[in-house]
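A.B. asks: Below you'll find final33.cif; it's mmCIF, C-alpha atoms and all ligand atoms.
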data_run
loop_
_atom_site.label_atom_id
_atom_site.label_comp_id
_atom_site.auth_asym_id
_atom_site.auth_seq_id
_atom_site.Cartn_x
_atom_site.Cartn_y
_atom_site.Cartn_z
CA MET A 20 -18.56 29.56 35.84
CA SER A 21 -19.96 31.93 33.27
CA SER A 22 -22.60 30.53 30.91
CA ALA A 23 -20.87 32.05 27.87
CA ALA A 24 -19.04 29.80 25.40
CA LYS A 25 -15.70 28.36 26.45
CA LEU A 26 -12.73 30.14 24.94
CA LEU A 27 -9.84 27.87 24.07
CA THR A 28 -6.27 28.96 23.59
CA VAL A 29 -5.24 28.66 20.03
CA THR A 30 -7.69 27.26 17.62
CA ARG A 31 -11.12 26.89 16.13
CA PRO A 32 -9.41 27.04 12.82
CA SER A 33 -10.35 29.29 9.99
CA LEU A 34 -12.99 27.29 8.20
CA PRO A 35 -12.66 26.00 4.69
CA PRO A 36 -16.19 25.97 3.27
CA PHE A 37 -17.85 22.72 4.24
CA ASP A 38 -19.08 21.99 0.70
CA ASP A 39 -15.54 22.29 -0.60
CA MET A 40 -14.35 19.77 1.95
CA VAL A 41 -17.05 17.28 0.99
CA GLY A 42 -16.23 17.78 -2.68
CA LEU A 43 -12.56 17.14 -2.07
CA LEU A 44 -13.27 14.04 -0.04
CA ARG A 45 -15.35 12.68 -2.90
CA GLU A 46 -12.65 13.50 -5.43
CA ILE A 47 -10.04 11.71 -3.33
CA TRP A 48 -12.31 8.73 -2.76
CA ASP A 49 -13.22 8.44 -6.44
CA SER A 50 -9.57 8.63 -7.48
CA GLY A 51 -8.74 5.66 -5.27
CA ILE A 52 -5.43 7.27 -4.24
CA LEU A 53 -5.72 8.01 -0.53
CA THR A 54 -2.08 8.41 0.48
CA ASN A 55 1.57 7.65 -0.47
CA GLY A 56 2.33 10.81 -2.38
CA GLY A 57 -0.87 11.28 -4.39
CA PRO A 58 -1.91 14.30 -6.47
CA PHE A 59 -3.09 16.47 -3.54
CA HIS A 60 0.15 15.79 -1.70
CA GLU A 61 2.08 16.89 -4.76
CA ARG A 62 -0.05 20.02 -5.20
CA LEU A 63 0.29 21.05 -1.58
CA GLU A 64 4.06 20.67 -1.63
CA ALA A 65 4.21 22.92 -4.69
CA ALA A 66 1.74 25.46 -3.28
CA LEU A 67 3.55 25.66 0.06
CA GLY A 68 6.88 26.07 -1.69
CA GLU A 69 5.46 29.03 -3.54
CA TYR A 70 3.77 30.54 -0.49
CA LEU A 71 6.76 30.13 1.80
CA GLY A 72 9.27 31.16 -0.86
CA VAL A 73 11.23 27.91 -0.73
CA GLN A 74 11.92 25.21 -3.29
CA HIS A 75 12.09 21.97 -1.36
CA VAL A 76 9.14 21.08 0.88
CA SER A 77 8.49 17.56 2.17
CA LEU A 78 5.10 17.04 3.80
CA PHE A 79 4.83 14.99 6.98
CA SER A 80 2.13 13.33 9.04
CA ASN A 81 3.07 15.58 11.96
CA GLY A 82 5.86 17.86 13.14
CA THR A 83 7.31 15.41 15.67
CA ILE A 84 8.04 12.76 13.04
CA GLY A 85 9.47 15.62 10.97
CA LEU A 86 11.93 16.54 13.75
CA ILE A 87 13.00 12.92 14.23
CA THR A 88 13.47 12.49 10.49
CA ALA A 89 15.46 15.72 10.21
CA LEU A 90 17.92 14.44 12.81
CA GLN A 91 18.19 11.15 10.96
CA ALA A 92 18.67 12.84 7.58
CA LEU A 93 21.57 14.89 8.94
CA GLU A 94 23.09 11.85 10.72
CA VAL A 95 23.40 13.76 13.97
CA GLU A 96 25.17 11.88 16.78
CA GLY A 97 26.12 12.97 20.29
CA GLU A 98 24.90 16.05 22.10
CA VAL A 99 22.41 18.61 20.78
CA ILE A 100 21.98 22.07 22.24
CA THR A 101 18.34 22.98 22.63
CA THR A 102 15.87 25.07 24.61
CA PRO A 103 13.91 23.93 27.65
CA PHE A 104 11.21 26.53 26.83
CA SER A 105 9.27 24.66 24.17
CA PHE A 106 6.71 21.94 23.67
CA VAL A 107 8.06 18.62 24.86
CA ALA A 108 8.22 17.24 21.30
CA THR A 109 11.37 19.27 20.65
CA ALA A 110 13.47 17.35 23.15
CA HIS A 111 11.60 14.08 22.72
CA ALA A 112 12.77 14.01 19.09
CA LEU A 113 16.34 13.94 20.41
CA LEU A 114 15.63 11.04 22.75
CA TRP A 115 13.98 9.08 19.93
CA LYS A 116 17.28 9.38 18.03
CA ARG A 117 19.28 8.50 21.20
CA LEU A 118 20.83 11.95 21.27
CA THR A 119 21.60 13.85 24.47
CA PRO A 120 19.86 17.18 24.89
CA ARG A 121 21.95 19.95 26.36
CA PHE A 122 19.62 22.62 27.66
CA VAL A 123 20.67 26.24 27.27
CA ASP A 124 18.87 29.23 28.72
CA ILE A 125 16.73 31.62 26.70
CA ASP A 126 16.98 35.33 26.09
CA PRO A 127 13.99 36.69 28.02
CA ARG A 128 13.34 39.34 25.37
CA THR A 129 12.85 36.84 22.56
CA MET A 130 12.08 33.65 24.56
CA ASN A 131 14.48 31.93 22.17
CA LEU A 132 17.90 30.35 22.76
CA ASP A 133 20.46 32.97 23.77
CA PRO A 134 23.33 32.76 21.22
CA GLU A 135 26.00 33.68 23.76
CA ARG A 136 24.83 30.93 26.05
CA ILE A 137 24.87 28.50 23.11
CA ARG A 138 28.50 29.33 22.51
CA ALA A 139 29.37 28.82 26.16
CA ALA A 140 27.68 25.40 26.22
CA ILE A 141 29.55 23.86 23.28
CA THR A 142 31.71 20.84 24.15
CA PRO A 143 33.66 18.36 22.00
CA SER A 144 30.52 16.16 21.99
CA THR A 145 28.24 18.85 20.60
CA ALA A 146 26.99 17.84 17.17
CA ALA A 147 24.09 20.16 16.52
CA ILE A 148 21.84 22.96 17.69
CA MET A 149 18.06 22.62 17.70
CA PRO A 150 16.61 26.08 18.31
CA VAL A 151 12.88 26.82 18.33
CA HIS A 152 11.30 29.94 16.82
CA CYS A 153 9.20 30.11 19.96
CA TYR A 154 5.69 31.57 19.42
CA GLY A 155 6.79 32.14 15.81
CA ARG A 156 9.25 34.85 16.84
CA PRO A 157 12.43 34.32 14.85
CA CYS A 158 15.61 33.21 16.57
CA ASP A 159 18.75 35.26 16.08
CA VAL A 160 19.50 33.24 12.96
CA ASP A 161 22.63 35.17 11.98
CA ALA A 162 24.31 34.70 15.35
CA ILE A 163 23.37 31.01 15.44
CA GLU A 164 24.66 30.55 11.91
CA SER A 165 28.03 32.06 12.69
CA ILE A 166 28.42 29.92 15.84
CA ALA A 167 27.45 26.80 13.88
CA ARG A 168 29.95 27.61 11.17
CA GLU A 169 32.72 28.32 13.66
CA TYR A 170 32.24 24.98 15.46
CA GLY A 171 31.07 22.84 12.52
CA LEU A 172 27.62 22.16 13.99
CA LYS A 173 24.39 21.24 12.24
CA VAL A 174 21.36 23.44 12.86
CA ILE A 175 17.82 22.06 12.80
CA TYR A 176 15.22 24.75 13.37
CA ASP A 177 12.08 23.64 15.13
CA ALA A 178 9.85 26.02 13.20
CA ALA A 179 6.62 24.42 14.45
CA HIS A 180 5.19 27.85 15.32
CA ALA A 181 6.64 29.85 12.46
CA PHE A 182 4.38 29.23 9.46
CA GLY A 183 4.10 32.38 7.33
CA VAL A 184 6.64 34.39 9.33
CA ARG A 185 8.75 36.63 7.13
CA LEU A 186 12.00 38.44 7.76
CA SER A 187 12.70 41.75 6.08
CA ASP A 188 15.94 40.82 4.34
CA ASP A 189 15.78 37.11 3.65
CA ASN A 190 13.77 33.92 4.12
CA LEU A 191 13.56 32.55 7.65
CA PHE A 192 13.48 29.00 6.29
CA ALA A 193 16.69 29.46 4.34
CA HIS A 194 18.57 29.38 7.64
CA GLY A 195 19.97 26.28 9.25
CA ASP A 196 20.42 22.87 7.64
CA LEU A 197 16.72 22.03 7.90
CA SER A 198 13.54 23.67 9.22
CA VAL A 199 10.63 21.64 10.54
CA LEU A 200 7.06 22.97 10.59
CA SER A 201 3.96 21.66 12.36
CA PHE A 202 0.51 21.80 10.80
CA HIS A 203 -1.28 20.54 13.91
CA ALA A 204 -4.88 21.65 14.46
CA THR A 205 -3.74 24.36 16.86
CA LYS A 206 -1.33 26.00 14.42
CA VAL A 207 -1.71 29.07 12.20
CA PHE A 208 -1.93 26.78 9.17
CA ASN A 209 -3.28 23.33 9.82
CA THR A 210 -4.04 20.05 8.11
CA PHE A 211 -5.66 18.60 11.29
CA GLU A 212 -2.34 16.76 11.89
CA GLY A 213 0.66 17.43 9.70
CA GLY A 214 4.02 19.01 9.25
CA ALA A 215 6.83 19.61 6.79
CA ILE A 216 10.58 19.68 6.43
CA ILE A 217 12.13 22.42 4.34
CA SER A 218 15.37 21.29 2.73
CA PRO A 219 18.03 23.50 1.16
CA ASP A 220 18.47 21.42 -2.00
CA ALA A 221 17.00 18.63 -4.08
CA ALA A 222 19.42 15.98 -2.79
CA MET A 223 18.44 16.62 0.83
CA LYS A 224 14.74 16.62 -0.07
CA ARG A 225 15.24 13.27 -1.78
CA ARG A 226 16.87 11.88 1.35
CA VAL A 227 14.09 13.24 3.57
CA ASP A 228 11.43 11.85 1.23
CA GLN A 229 13.05 8.42 1.35
CA LEU A 230 13.23 8.48 5.14
CA LYS A 231 9.57 9.41 5.55
CA ASN A 232 8.65 6.46 3.32
CA PHE A 233 10.39 3.64 5.26
CA GLY A 234 13.69 4.29 3.47
CA PHE A 235 12.43 3.14 0.07
CA VAL A 236 14.34 4.45 -2.94
CA ASP A 237 12.36 2.37 -5.41
CA ASP A 238 9.94 -0.48 -4.98
CA VAL A 239 12.64 -3.05 -4.27
CA THR A 240 15.37 -1.00 -2.59
CA VAL A 241 15.45 0.19 1.01
CA VAL A 242 18.48 2.23 2.04
CA ALA A 243 17.72 3.23 5.62
CA ALA A 244 15.51 2.42 8.59
CA GLY A 245 13.00 5.08 7.63
CA ILE A 246 9.60 5.61 9.15
CA ASN A 247 6.05 6.19 8.00
CA GLY A 248 5.86 9.99 8.07
CA LYS A 249 3.69 10.55 5.00
CA MET A 250 0.86 13.04 4.85
CA ASN A 251 -2.36 11.56 3.49
CA GLU A 252 -4.47 12.97 0.66
CA PHE A 253 -7.26 14.39 2.80
CA SER A 254 -4.87 16.36 4.99
CA SER A 255 -3.11 17.60 1.87
CA ALA A 256 -6.41 18.75 0.36
CA LEU A 257 -7.33 20.51 3.61
CA GLY A 258 -4.00 22.28 3.42
CA LEU A 259 -4.81 23.57 -0.06
CA LEU A 260 -8.13 24.93 1.21
CA GLN A 261 -6.50 26.59 4.20
CA LEU A 262 -3.89 28.20 2.05
CA ARG A 263 -6.52 30.13 0.08
CA ASP A 264 -7.31 32.39 3.04
CA ILE A 265 -4.12 32.23 5.02
CA ASP A 266 -3.07 35.85 4.61
CA ALA A 267 -6.48 37.08 5.76
CA MET A 268 -6.30 34.72 8.73
CA ILE A 269 -2.87 35.98 9.74
CA ALA A 270 -4.05 39.57 9.32
CA ARG A 271 -7.04 38.85 11.59
CA ARG A 272 -4.68 37.41 14.20
CA GLY A 273 -2.69 40.63 13.92
CA GLU A 274 -5.81 42.65 14.69
CA ILE A 275 -6.54 40.54 17.76
CA ASP A 276 -2.93 40.92 18.90
CA ALA A 277 -3.18 44.71 18.54
CA TYR A 278 -6.53 44.78 20.35
CA TYR A 279 -5.10 42.88 23.32
CA ARG A 280 -2.03 45.12 23.40
CA ASP A 281 -4.10 48.24 23.32
CA ARG A 282 -6.43 47.15 26.14
CA LEU A 283 -3.87 45.41 28.38
CA ASN A 284 -1.11 47.95 28.01
CA GLY A 285 -0.51 49.61 31.36
CA VAL A 286 -2.31 47.01 33.48
CA PRO A 287 0.00 46.93 36.51
CA GLY A 288 1.88 43.65 36.83
CA ILE A 289 1.05 42.42 33.31
CA GLU A 290 3.96 42.42 30.87
CA LEU A 291 3.10 42.27 27.18
CA THR A 292 5.92 40.35 25.60
CA GLY A 293 7.72 41.73 22.55
CA ALA A 294 6.34 41.00 19.13
CA GLY A 295 9.71 39.75 17.82
CA ASN A 296 11.71 40.99 14.87
CA ALA A 297 9.71 39.54 12.00
CA ALA A 298 8.77 41.81 9.12
CA ARG A 299 5.54 39.81 8.97
CA PRO A 300 4.79 38.05 12.26
CA ASN A 301 2.18 35.28 12.32
CA HIS A 302 0.69 36.05 15.77
CA SER A 303 0.45 32.37 16.53
CA TYR A 304 0.33 32.91 20.29
CA PHE A 305 -0.33 35.81 22.62
CA PRO A 306 1.84 35.26 25.70
CA ILE A 307 1.67 37.66 28.65
CA LEU A 308 3.79 37.57 31.79
CA VAL A 309 2.18 37.90 35.21
CA GLY A 310 4.72 39.73 37.34
CA PRO A 311 5.12 39.92 41.13
CA GLU A 312 3.25 43.26 41.26
CA PHE A 313 0.05 41.67 39.99
CA PRO A 314 -2.35 40.99 42.90
CA LEU A 315 -2.82 37.35 41.82
CA THR A 316 -0.15 34.79 41.12
CA ARG A 317 0.09 33.47 37.58
CA ASP A 318 -1.65 30.27 38.61
CA GLU A 319 -4.41 32.15 40.41
CA LEU A 320 -5.03 34.25 37.31
CA TYR A 321 -4.98 31.10 35.19
CA GLN A 322 -7.65 29.56 37.46
CA ARG A 323 -9.65 32.81 37.47
CA LEU A 324 -9.68 32.76 33.68
CA ARG A 325 -10.83 29.13 33.68
CA ALA A 326 -13.58 29.90 36.15
CA ASN A 327 -14.79 32.45 33.62
CA GLY A 328 -14.68 30.00 30.74
CA VAL A 329 -11.36 31.20 29.33
CA PHE A 330 -9.13 28.18 28.79
CA ALA A 331 -5.79 29.90 28.46
CA ARG A 332 -2.61 27.80 28.45
CA ARG A 333 0.65 28.16 30.33
CA TYR A 334 2.88 27.45 27.35
CA PHE A 335 5.61 26.40 28.13
CA TYR A 336 5.21 25.38 31.71
CA PRO A 337 6.54 23.11 33.10
CA LEU A 338 9.91 23.46 31.38
CA ILE A 339 10.91 20.38 29.39
CA SER A 340 14.02 20.10 31.56
CA THR A 341 11.89 19.37 34.65
CA PHE A 342 10.32 16.18 33.28
CA GLY A 343 11.60 12.88 34.65
CA MET A 344 13.36 11.78 31.46
CA TYR A 345 15.44 15.00 31.44
CA ASN A 346 15.80 16.33 34.97
CA GLU A 347 18.95 14.41 35.81
CA LEU A 348 20.95 15.92 32.99
CA PRO A 349 23.45 18.43 34.37
CA SER A 350 22.14 21.09 31.95
CA ALA A 351 18.62 20.63 33.32
CA ALA A 352 19.59 22.19 36.67
CA GLN A 353 17.42 25.19 37.48
CA SER A 354 20.56 27.22 38.18
CA ASN A 355 21.55 26.74 34.52
CA LEU A 356 18.18 28.02 33.28
CA PRO A 357 17.19 31.06 35.38
CA GLU A 358 15.44 33.01 32.62
CA ALA A 359 13.47 30.07 31.27
CA THR A 360 12.50 29.14 34.82
CA ARG A 361 11.21 32.64 35.56
CA ILE A 362 9.32 33.01 32.30
CA ALA A 363 7.75 29.56 32.65
CA SER A 364 6.47 30.58 36.09
CA GLN A 365 4.91 33.81 34.77
CA VAL A 366 3.57 33.05 31.31
CA ILE A 367 -0.02 32.67 30.16
CA CYS A 368 -0.98 32.41 26.49
CA LEU A 369 -4.32 34.09 25.89
CA PRO A 370 -6.82 32.85 23.28
CA ILE A 371 -5.90 33.94 19.78
CA TYR A 372 -7.45 32.54 16.61
CA PRO A 373 -9.14 34.10 13.60
CA MET A 374 -12.72 33.26 14.61
CA LEU A 375 -12.36 34.91 18.02
CA GLU A 376 -14.87 37.75 18.25
CA GLU A 377 -14.42 41.16 19.81
CA HIS A 378 -16.90 40.56 22.65
CA GLU A 379 -15.01 37.36 23.47
CA ILE A 380 -11.68 39.18 23.59
CA ASP A 381 -13.35 41.76 25.83
CA ARG A 382 -14.34 38.95 28.20
CA VAL A 383 -10.72 37.84 28.49
CA ILE A 384 -9.54 41.39 29.02
CA ALA A 385 -12.24 42.04 31.64
CA VAL A 386 -11.15 39.06 33.75
CA ILE A 387 -7.57 40.32 33.75
CA THR A 388 -8.33 43.98 34.40
CA GLU A 389 -10.82 43.14 37.15
CA ALA A 390 -8.27 40.82 38.77
CA SER A 391 -5.72 43.62 38.64
CA LEU A 392 -7.98 45.69 40.91
CA SER A 393 -8.48 42.98 43.51
N1 LIG B 1 7.75 21.64 18.32
C1 LIG B 1 7.04 22.60 18.91
C2 LIG B 1 7.73 23.85 19.33
C3 LIG B 1 5.65 22.45 19.09
O1 LIG B 1 4.94 23.42 19.69
C4 LIG B 1 5.04 21.27 18.65
C5 LIG B 1 3.64 21.06 18.84
C6 LIG B 1 5.84 20.30 18.02
C7 LIG B 1 7.19 20.51 17.87
C8 LIG B 1 5.27 19.02 17.50
O2 LIG B 1 4.42 19.22 16.39
P1 LIG B 1 3.22 18.13 16.12
O3 LIG B 1 3.83 16.75 16.18
O4 LIG B 1 2.15 18.34 17.17
O5 LIG B 1 2.77 18.49 14.73
C9 LIG B 1 -0.73 21.28 21.44
C10 LIG B 1 -0.50 20.55 20.14
O6 LIG B 1 -0.97 19.22 20.19
C11 LIG B 1 0.92 20.54 19.66
O7 LIG B 1 0.88 20.30 18.27
C12 LIG B 1 1.58 21.89 19.88
N2 LIG B 1 2.97 21.87 19.54
C13 LIG B 1 1.42 22.32 21.32
C14 LIG B 1 2.06 23.66 21.59
O8 LIG B 1 0.04 22.43 21.61
P2 LIG B 1 -1.55 20.46 23.77
O9 LIG B 1 -1.30 19.18 24.50
O10 LIG B 1 -1.38 21.72 24.50
O11 LIG B 1 -2.96 20.43 23.02
P3 LIG B 1 -4.42 20.51 23.60
O12 LIG B 1 -5.19 19.35 23.08
O13 LIG B 1 -4.39 20.69 25.08
O14 LIG B 1 -5.01 21.82 22.89
C15 LIG B 1 -4.51 23.11 23.13
C16 LIG B 1 -5.64 24.12 22.99
O15 LIG B 1 -6.20 24.11 21.69
C17 LIG B 1 -6.79 23.89 23.93
O16 LIG B 1 -7.19 25.18 24.36
C18 LIG B 1 -7.86 23.22 23.09
C19 LIG B 1 -7.59 23.81 21.72
N3 LIG B 1 -7.89 22.86 20.64
C20 LIG B 1 -7.11 21.75 20.50
C21 LIG B 1 -7.34 20.86 19.47
C22 LIG B 1 -6.49 19.63 19.32
C23 LIG B 1 -8.90 23.12 19.75
O17 LIG B 1 -9.59 24.16 19.89
N4 LIG B 1 -9.12 22.27 18.70
C24 LIG B 1 -8.37 21.16 18.51
O18 LIG B 1 -8.59 20.42 17.53
O19 LIG B 1 -0.55 20.42 22.52
#
For the file at hand, write its structure as structure tokens.

C.D. replies:
Amino acid sequence: MSSAAKLLTVTRPSLPPFDDMVGLLREIWDSGILTNGGPFHERLEAALGEYLGVQHVSLFSNGTIGLITALQALEVEGEVITTPFSFVATAHALLWKRLTPRFVDIDPRTMNLDPERIRAAITPSTAAIMPVHCYGRPCDVDAIESIAREYGLKVIYDAAHAFGVRLSDDNLFAHGDLSVLSFHATKVFNTFEGGAIISPDAAMKRRVDQLKNFGFVDDVTVVAAGINGKMNEFSSALGLLQLRDIDAMIARRGEIDAYYRDRLNGVPGIELTGAGNAARPNHSYFPILVGPEFPLTRDELYQRLRANGVFARRYFYPLISTFGMYNELPSAAQSNLPEATRIASQVICLPIYPMLEEHEIDRVIAVITEASLS
């Protein structure tokens, strides 16, 4: 193993100045309000609304609780069409609400749910669609919207990867009934742990806010079996600090993305996946596909990278549909998911985060190009 520093996949977040963090911690501590919708929570909701171009943001303790709450808020019951090519939290949220996932294959160009396959999978039990903007690359929101309208289905976007992504003609988060973001440490924008639901109107935000606070409407009235999904004051303050530099951080990710593309373009057997159709992508991941022409298998290249201190990740392998709690569903059959199965067997996500330095990116590229000559 090389003696150089380990390179991880997605983080070492952009750093809010340490003194600012200490100052905020003191301010929170002195105020005595540590959680339950305090002033920093309120400020972050407003600031995110402005930054994301939406009116109704509800902060959460993490994205998973956000997904579960979104399903509860929309009173979804029955079967939900979703992708097997995602982090396991997407489908787990369905099981927590006792819903049945119906896995549908992805479009290999976008890595997102294929709208035509969604249409073909709809049954009388289908209640909703839960697509993922995988790697922050937008789903075909127009096609999904028209299918949902035609069949009367709810749409909950798992937008865990999509912070800061912009479309050219409208707002990504204006699509679907609800969008759920993750602010986990490994995300483009992070509050250590955290997340948010974006609602289309004030009534839905009110409902979501009640559900994330145990179902309380006022201090003596509880209207639903809600959960504790609240973001605390320190995470909210961290979010405000992160937001100050977010555009620069996304721009830096864009430079790293371009650098990788430039250097890896033309390496035989390595496919650089499309950048998606966003007017402003967020470059949250840098997935490459290791094809059959490459001298090493995907797993051999993955191990070679590790041996050189590059801790790349095979997101999203194994497919969610292969895990024990899902693999007996008829839709989990490999024959139903040929594209997702192939991509999951070829993908590696290379390190990408704002603090990554050029010589470190060169190290990653060198391992891959040298392996291509073996
Ligand atoms: N939906 C989707 C589509 C998601 O991708 C996720 C989460 C969710 C829903 C649920 O949102 P949350 O409830 O998490 O808010 C990580 C994250 O834990 C998870 O948030 C994320 N998706 C998923 C894609 O990645 P792991 O198990 O791969 O994390 P871990 O600990 O192996 O770390 C990944 C890499 O990041 C490593 O190279 C180490 C590095 N790292 C990690 C942490 C935690 C750091 O450098 N610093 C850190 O603090 O799941």

A.B. asks: Under the rule that all atoms listed in the file are counted, which of A:Phe305, A:Phe122, A:Phe208, A:Trp115 is the nearest residue to Gln353 of chain A?

C.D. replies: A:Phe122

A.B. asks: Once you count only C-alpha atoms and all ligand atoms, which residues end up within 7 Å of ligand LIG 1 (chain B), and could you hand them over as an MDAnalysis selection string?

C.D. replies: chainID A and resid 27:31 81:84 105:106 108:109 151 153 177:180 201:205 212:214 330:332 334

A.B. asks: Please produce a file of those selected residues containing C-alpha atoms, as a PDB file, in the frame of the given file.

C.D. replies:
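Output below, filename result-v7.pdb:
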ATOM      1  CA  LEU A  27      -9.840  27.870  24.070  1.00  0.00           C
ATOM      2  CA  THR A  28      -6.270  28.960  23.590  1.00  0.00           C
ATOM      3  CA  VAL A  29      -5.240  28.660  20.030  1.00  0.00           C
ATOM      4  CA  THR A  30      -7.690  27.260  17.620  1.00  0.00           C
ATOM      5  CA  ARG A  31     -11.120  26.890  16.130  1.00  0.00           C
ATOM      6  CA  ASN A  81       3.070  15.580  11.960  1.00  0.00           C
ATOM      7  CA  GLY A  82       5.860  17.860  13.140  1.00  0.00           C
ATOM      8  CA  THR A  83       7.310  15.410  15.670  1.00  0.00           C
ATOM      9  CA  ILE A  84       8.040  12.760  13.040  1.00  0.00           C
ATOM     10  CA  SER A 105       9.270  24.660  24.170  1.00  0.00           C
ATOM     11  CA  PHE A 106       6.710  21.940  23.670  1.00  0.00           C
ATOM     12  CA  ALA A 108       8.220  17.240  21.300  1.00  0.00           C
ATOM     13  CA  THR A 109      11.370  19.270  20.650  1.00  0.00           C
ATOM     14  CA  VAL A 151      12.880  26.820  18.330  1.00  0.00           C
ATOM     15  CA  CYS A 153       9.200  30.110  19.960  1.00  0.00           C
ATOM     16  CA  ASP A 177      12.080  23.640  15.130  1.00  0.00           C
ATOM     17  CA  ALA A 178       9.850  26.020  13.200  1.00  0.00           C
ATOM     18  CA  ALA A 179       6.620  24.420  14.450  1.00  0.00           C
ATOM     19  CA  HIS A 180       5.190  27.850  15.320  1.00  0.00           C
ATOM     20  CA  SER A 201       3.960  21.660  12.360  1.00  0.00           C
ATOM     21  CA  PHE A 202       0.510  21.800  10.800  1.00  0.00           C
ATOM     22  CA  HIS A 203      -1.280  20.540  13.910  1.00  0.00           C
ATOM     23  CA  ALA A 204      -4.880  21.650  14.460  1.00  0.00           C
ATOM     24  CA  THR A 205      -3.740  24.360  16.860  1.00  0.00           C
ATOM     25  CA  GLU A 212      -2.340  16.760  11.890  1.00  0.00           C
ATOM     26  CA  GLY A 213       0.660  17.430   9.700  1.00  0.00           C
ATOM     27  CA  GLY A 214       4.020  19.010   9.250  1.00  0.00           C
ATOM     28  CA  PHE A 330      -9.130  28.180  28.790  1.00  0.00           C
ATOM     29  CA  ALA A 331      -5.790  29.900  28.460  1.00  0.00           C
ATOM     30  CA  ARG A 332      -2.610  27.800  28.450  1.00  0.00           C
ATOM     31  CA  TYR A 334       2.880  27.450  27.350  1.00  0.00           C
TER      32      TYR A 334
END

A.B. asks: Find the distance between atom CA of Arg317 of chain A and atom CA of Glu376 of chain A and write it in Å to one decimal.

C.D. replies: 24.8 Å

A.B. asks: Could you jot down the atom CA of Ile216 of chain A to atom CA of His152 of chain A separation for me, Å, one decimal place?

C.D. replies: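 Atom CA of His152 of chain A lies at a distance of 14.6 Å from atom CA of Ile216 of chain A.
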
A.B. asks: Could you tell me how far atom CA of Phe235 of chain A sits from atom CA of Trp48 of chain A, in Å to one decimal place?

C.D. replies: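 About the pair atom CA of Trp48 of chain A and atom CA of Phe235 of chain A: they are 25.5 Å apart.
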
A.B. asks: Need to verify the contact set: Ser77 of chain A, 10 Å, only C-alpha atoms, exclusion of same-chain residues closer than 4 positions in sequence. Can you return it as a PyMOL selection string?

C.D. replies: chain A and resi 60-61+63-65+67-68+85+199+214-218+224-225+227-228+231+248-250

A.B. asks: Which residue, A:Phe104, A:Phe37, A:Phe313, A:Phe182, has the smallest gap to Tyr336 of chain A when you use all atoms listed in the file?

C.D. replies: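 Looking only at the distances to Tyr336 of chain A, the closest residue turns out to be A:Phe104.
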
A.B. asks: So that I can see what lies close to Val184 of chain A, please list as a ChimeraX atom specification the residues with an atom at most 7 Å from it, counting only C-alpha atoms and leaving out residues fewer than 5 positions away in the same chain.

C.D. replies: /A:155,297,299-301

A.B. asks: For each of A:Ala146, A:Ile307, A:Val174, A:Val95, take the minimum atom-to-atom distance to Glu290 of chain A, counting all atoms listed in the file, then give the residue where this is smallest.

C.D. replies: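 Comparing A:Ala146, A:Ile307, A:Val174, A:Val95 against Glu290 of chain A, the winner is A:Ile307.
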